[in-house]
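Data file: upload.cif. Format and content: mmCIF, C-alpha atoms.
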```cif
data_entry
#
loop_
_atom_site.label_atom_id
_atom_site.label_comp_id
_atom_site.auth_asym_id
_atom_site.auth_seq_id
_atom_site.Cartn_x
_atom_site.Cartn_y
_atom_site.Cartn_z
CA TRP A 1131 -20.64 -2.34 -21.92
CA ALA A 1132 -18.14 -4.55 -20.19
CA ALA A 1133 -14.50 -3.85 -20.90
CA ILE A 1134 -11.04 -4.59 -19.69
CA HIS A 1135 -10.06 -1.64 -17.55
CA GLY A 1136 -6.41 -0.74 -17.04
CA GLU A 1137 -4.95 2.10 -15.04
CA ALA A 1138 -1.57 3.31 -13.86
CA VAL A 1139 -1.21 3.22 -10.09
CA ASP A 1140 1.46 5.24 -8.28
CA TYR A 1141 2.81 3.77 -5.05
CA GLN A 1142 5.92 3.78 -2.91
CA GLU A 1143 8.38 1.37 -1.38
CA GLY A 1144 10.59 3.22 1.07
CA ALA A 1145 11.80 6.34 -0.74
CA ALA A 1146 11.25 4.84 -4.21
CA ASN A 1147 8.41 6.18 -6.34
CA LEU A 1148 6.94 3.30 -8.33
CA GLN A 1149 4.18 2.99 -10.90
CA GLY A 1150 2.34 -0.23 -11.60
CA TYR A 1151 -0.48 -1.15 -13.92
CA LEU A 1152 -3.76 -2.51 -12.53
CA VAL A 1153 -6.13 -4.30 -14.91
CA TYR A 1154 -9.45 -6.12 -14.56
CA ASP A 1155 -12.72 -6.86 -16.33
CA ASP A 1156 -15.10 -4.13 -15.15
CA ALA A 1157 -18.17 -6.32 -15.82
CA VAL A 1158 -17.35 -8.37 -12.72
CA LYS A 1159 -18.26 -6.50 -9.56
CA SER A 1160 -17.33 -9.12 -6.98
CA PRO A 1161 -13.80 -9.89 -5.75
CA ARG A 1162 -11.80 -12.23 -7.94
CA PRO A 1163 -8.40 -13.94 -7.65
CA GLY A 1164 -5.43 -11.59 -7.89
CA VAL A 1165 -2.19 -12.08 -9.77
CA LEU A 1166 0.93 -10.03 -9.21
CA VAL A 1167 2.85 -9.83 -12.49
CA LEU A 1168 6.59 -9.13 -12.24
CA HIS A 1169 8.42 -7.71 -15.24
CA GLU A 1170 11.41 -8.96 -17.16
CA TRP A 1171 14.76 -7.16 -16.91
CA TRP A 1172 13.70 -4.26 -19.18
CA GLY A 1173 11.25 -2.85 -16.65
CA ARG A 1174 7.49 -2.41 -16.45
CA GLY A 1175 6.78 -1.97 -20.13
CA PRO A 1176 4.47 -3.23 -22.88
CA TYR A 1177 5.21 -6.95 -22.44
CA VAL A 1178 4.20 -7.19 -18.78
CA ARG A 1179 1.18 -4.91 -19.33
CA ARG A 1180 0.00 -7.23 -22.12
CA ARG A 1181 0.39 -10.25 -19.84
CA ALA A 1182 -1.64 -8.52 -17.11
CA GLU A 1183 -4.36 -7.72 -19.66
CA GLN A 1184 -4.47 -11.37 -20.74
CA LEU A 1185 -4.99 -12.41 -17.13
CA ALA A 1186 -7.81 -9.87 -16.74
CA LYS A 1187 -9.54 -11.36 -19.78
CA LEU A 1188 -9.39 -14.73 -17.99
CA GLY A 1189 -11.23 -13.29 -14.98
CA TYR A 1190 -8.37 -12.24 -12.69
CA ILE A 1191 -7.43 -8.85 -11.34
CA ALA A 1192 -3.78 -8.35 -12.23
CA PHE A 1193 -1.20 -5.85 -11.07
CA ALA A 1194 1.97 -5.39 -13.10
CA ALA A 1195 4.34 -4.19 -10.40
CA ASP A 1196 7.28 -1.84 -10.88
CA LEU A 1197 10.55 -3.10 -9.44
CA TYR A 1198 12.80 -0.27 -10.72
CA GLY A 1199 11.05 3.07 -10.26
CA LYS A 1200 8.47 5.22 -11.98
CA GLY A 1201 9.45 5.82 -15.58
CA VAL A 1202 12.56 3.62 -15.43
CA TYR A 1203 12.74 1.35 -18.46
CA ALA A 1204 16.00 0.01 -19.91
CA LYS A 1205 16.83 0.93 -23.47
CA THR A 1206 19.87 -1.34 -23.91
CA HIS A 1207 20.98 -4.77 -22.73
CA GLU A 1208 23.71 -3.09 -20.69
CA GLU A 1209 21.23 -0.84 -18.92
CA ALA A 1210 18.85 -3.75 -18.28
CA GLY A 1211 21.75 -5.73 -16.83
CA LYS A 1212 22.65 -2.93 -14.43
CA LEU A 1213 19.06 -2.37 -13.30
CA SER A 1214 18.27 -6.04 -12.75
CA GLY A 1215 21.76 -6.77 -11.39
CA ALA A 1216 21.35 -4.24 -8.59
CA LEU A 1217 18.24 -6.04 -7.34
CA ARG A 1218 19.66 -9.52 -7.93
CA GLU A 1219 22.52 -8.50 -5.64
CA ASP A 1220 20.14 -7.05 -3.04
CA ARG A 1221 17.46 -9.73 -2.63
CA LYS A 1222 16.02 -7.96 0.41
CA LEU A 1223 15.27 -4.91 -1.74
CA MET A 1224 13.94 -7.13 -4.54
CA ARG A 1225 11.54 -8.77 -2.10
CA SER A 1226 10.52 -5.43 -0.63
CA ARG A 1227 9.70 -3.98 -4.06
CA ALA A 1228 7.69 -7.08 -5.01
CA LEU A 1229 5.84 -7.03 -1.68
CA ALA A 1230 4.96 -3.36 -2.18
CA GLY A 1231 3.31 -4.31 -5.47
CA LEU A 1232 1.48 -7.17 -3.80
CA GLU A 1233 0.13 -4.78 -1.18
CA VAL A 1234 -1.34 -2.54 -3.91
CA LEU A 1235 -3.10 -5.58 -5.37
CA LYS A 1236 -4.36 -6.73 -1.97
CA LYS A 1237 -5.78 -3.31 -1.07
CA ASN A 1238 -8.00 -3.18 -4.15
CA SER A 1239 -11.61 -3.99 -3.24
CA LEU A 1240 -11.93 -6.22 -6.33
CA THR A 1241 -9.19 -8.56 -5.09
CA ASP A 1242 -10.01 -11.78 -3.26
CA THR A 1243 -7.09 -11.69 -0.84
CA ASN A 1244 -7.51 -15.39 -0.06
CA ARG A 1245 -6.67 -16.28 -3.68
CA LEU A 1246 -3.41 -14.64 -4.68
CA ALA A 1247 -0.55 -15.68 -6.92
CA ALA A 1248 2.58 -14.15 -8.41
CA ILE A 1249 4.12 -14.74 -11.81
CA GLY A 1250 7.25 -13.37 -13.35
CA TYR A 1251 9.25 -13.43 -16.53
CA CYS A 1252 13.05 -13.81 -16.52
CA PHE A 1253 14.19 -11.28 -13.89
CA GLY A 1254 10.59 -11.10 -12.67
CA GLY A 1255 10.54 -14.89 -12.37
CA THR A 1256 13.46 -14.59 -9.97
CA ALA A 1257 11.50 -11.98 -7.99
CA ALA A 1258 8.44 -14.26 -7.88
CA LEU A 1259 10.59 -17.07 -6.45
CA GLU A 1260 11.95 -14.63 -3.87
CA LEU A 1261 8.37 -13.97 -2.71
CA ALA A 1262 7.93 -17.71 -2.18
CA ARG A 1263 11.23 -17.88 -0.28
CA ASP A 1264 10.04 -14.98 1.88
CA ALA A 1265 7.12 -17.14 3.10
CA THR A 1266 4.65 -14.76 1.46
CA ALA A 1267 1.08 -16.00 1.76
CA LEU A 1268 0.42 -16.83 -1.90
CA ALA A 1269 -1.44 -19.80 -3.33
CA GLY A 1270 1.10 -20.15 -6.10
CA VAL A 1271 4.17 -18.71 -7.77
CA VAL A 1272 5.10 -19.26 -11.40
CA SER A 1273 8.53 -18.37 -12.76
CA PHE A 1274 9.10 -18.28 -16.51
CA HIS A 1275 12.84 -18.46 -17.30
CA GLY A 1276 13.69 -17.01 -13.88
CA GLY A 1277 16.92 -17.48 -11.99
CA LEU A 1278 16.78 -20.48 -9.67
CA ASP A 1279 19.67 -19.55 -7.38
CA THR A 1280 19.16 -18.97 -3.67
CA PRO A 1281 22.11 -16.76 -2.69
CA HIS A 1282 20.93 -16.26 0.91
CA PRO A 1283 19.25 -19.48 2.08
CA GLU A 1284 19.46 -18.21 5.66
CA THR A 1285 16.76 -15.64 4.82
CA THR A 1286 14.37 -18.21 3.42
CA GLY A 1287 11.20 -18.78 5.40
CA PRO A 1288 8.80 -21.70 5.27
CA VAL A 1289 7.58 -21.73 1.68
CA LYS A 1290 3.77 -21.52 1.62
CA ALA A 1291 3.12 -21.21 -2.11
CA LYS A 1292 3.02 -23.97 -4.66
CA ILE A 1293 5.83 -23.28 -7.11
CA LEU A 1294 6.08 -23.91 -10.83
CA ALA A 1295 9.42 -22.98 -12.42
CA LEU A 1296 9.40 -23.19 -16.21
CA VAL A 1297 12.83 -23.24 -17.84
CA GLY A 1298 13.75 -24.48 -21.29
CA ALA A 1299 15.92 -27.61 -21.30
CA GLU A 1300 18.51 -25.90 -23.50
CA ASP A 1301 18.43 -22.53 -21.74
CA LYS A 1302 22.10 -21.54 -21.38
CA PHE A 1303 21.36 -18.88 -18.75
CA ILE A 1304 19.99 -21.30 -16.13
CA THR A 1305 22.16 -23.92 -14.52
CA ALA A 1306 20.96 -27.54 -14.42
CA GLY A 1307 20.27 -28.24 -10.76
CA ILE A 1308 18.62 -26.22 -8.08
CA PRO A 1309 20.98 -25.25 -5.24
#
```
Reformat the file's structure so that it appears as structure tokens.
Amino acid sequence: WAAIHGEAVDYQEGAANLQGYLVYDDAVKSPRPGVLVLHEWWGRGPYVRRRAEQLAKLGYIAFAADLYGKGVYAKTHEEAGKLSGALREDRKLMRSRALAGLEVLKKNSLTDTNRLAAIGYCFGGTAALELARDATALAGVVSFHGGLDTPHPETTGPVKAKILALVGAEDKFITAGIP
């Protein structure tokens, strides 16, 4: 019987112990396009796992990366603000954590490494845009309600990915122009 298979995957970025969630349809034995899924400011929890599972049902292999650390999940808005704020202030670390997740996805034998994308929600949308700014070899990047600021344009490489940034017209958290 074919089924959607999901599993926790431990990995590291520098000294940080991280745990992502890999999911795919086990009926498909050949490589398929991969999608890196980057979590909102709460951490790698139920929402991002559900999104990864939805992508697997559509025929992708998806990896919900961990940008904070194994077992780290905010319980309050204040805690989420501190966790996400630390990485928003250190874009190099944000990129490094996202790239570590992408490497896990790329190393899986079911991933077609020539067809990769990254998507993110809110804080994760910002991280997805940082991957594009880092000249990461991705076919596309989609940011849902992610921050559009580029605080360090001097570290931006030649963008290779097609980018779709989805922000509500009345979203008070995103400024109207792109710097």
- Just give me the gap between CA of Gly1173 (chain A) and CA of Val1271 (chain A) in Å, one decimal is fine.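 Separation of CA of Gly1173 (chain A) and CA of Val1271 (chain A): 19.5 Å.
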- Evaluate the PyMOL selection byres ((chain A and resi 1281-1290) around 10) on the structure here and hand back the selected residues as a PyMOL selection string. chain A and resi 1218-1222+1259-1271+1278-1280+1291-1293+1309
- Any chance you could resolve the PyMOL selection byres ((chain A and resi 1194) around 7) against this file and give the residues as a list of chain:residue names?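 This file gives the following for the PyMOL selection byres ((chain A and resi 1194) around 7): A:Gly1150, A:Tyr1151, A:Leu1152, A:Leu1166, A:Val1167, A:Leu1168, A:Val1178, A:Arg1179, A:Ala1182, A:Ala1192, A:Phe1193, A:Ala1195, A:Asp1196.
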- Task: Expand the PyMOL selection byres ((chain A and resi 1252-1256) around 8) into the individual residues it matches in the shown file, reporting them as a PyMOL selection string.
- Result: chain A and resi 1167-1171+1214+1249-1251+1257-1260+1272-1278
- Query: Residues at most 12 Å from Glu1209 (chain A), counting all atoms listed in the file, excluding those fewer than 5 positions away in the same chain, as JSON, numbers by chain?
  - Reply: {"A": [1171, 1172, 1173, 1198, 1202, 1203, 1204, 1214, 1215, 1216]}
- Message: So that I can check the surroundings of Asp1242 (chain A), please list as number ranges by chain every protein, DNA and RNA residue that reaches within 8 Å of it, counting all atoms listed in the file and ignoring chain neighbours fewer than 5 positions away.
- Response: A: 1161-1164, 1236
Expected axis-aligned box over every listed atom of region 1145-1160 of chain A, 8 Å added per side, centre plus edges in Å to one decimal, as JSON:
```
{"center_x": -3.2, "center_y": -1.4, "center_z": -8.5, "size_x": 46.1, "size_y": 31.5, "size_z": 31.6}
```
- Item | Separation of CA of Tyr1154 (chain A) from CA of Gly1136 (chain A), in Å and rounded to one decimal |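 These two atoms are separated by 6.7 Å.
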- Could you jot down the CA of Gly1144 (chain A) to CA of Ala1295 (chain A) separation for me, Å, one decimal place?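 These atoms are spaced 29.5 Å apart.
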- Query: Of the residues A:Glu1143, A:Glu1137, A:Asp1156, A:Glu1183, which is the one nearest to Ala1228 (chain A), using all atoms listed in the file?
  - Reply: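 With all atoms listed in the file as the atom set, the closest residue is A:Glu1143.
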- Query: For Val1158 (chain A), which residue out of A:Ala1146, A:Leu1246, A:Leu1240, A:Ala1230 is the nearest one, using all atoms listed in the file?
  - Reply: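 Comparing A:Ala1146, A:Leu1246, A:Leu1240, A:Ala1230 against Val1158 (chain A), the winner is A:Leu1240.
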- Task: Return the single residue from A:Ala1145, A:Ile1191, A:Arg1180, A:Thr1206 that is closest to Val1234 (chain A), with distances computed using all atoms listed in the file.
- Result: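 For Val1234 (chain A), the nearest of the given residues is A:Ile1191.
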- With all atoms listed in the file as the basis for distance, which of A:Thr1243, A:Ala1248, A:Leu1223, A:Lys1200 is at the shortest distance from Asp1140 (chain A)?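 Of the candidates, the smallest distance to Asp1140 (chain A) is held by A:Lys1200.
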- Select, from A:His1207, A:Leu1197, A:Ser1239, A:His1135, the residue with the minimum atom-to-atom distance to Met1224 (chain A), counting only C-alpha atoms.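 Among the listed residues, A:Leu1197 lies closest to Met1224 (chain A).
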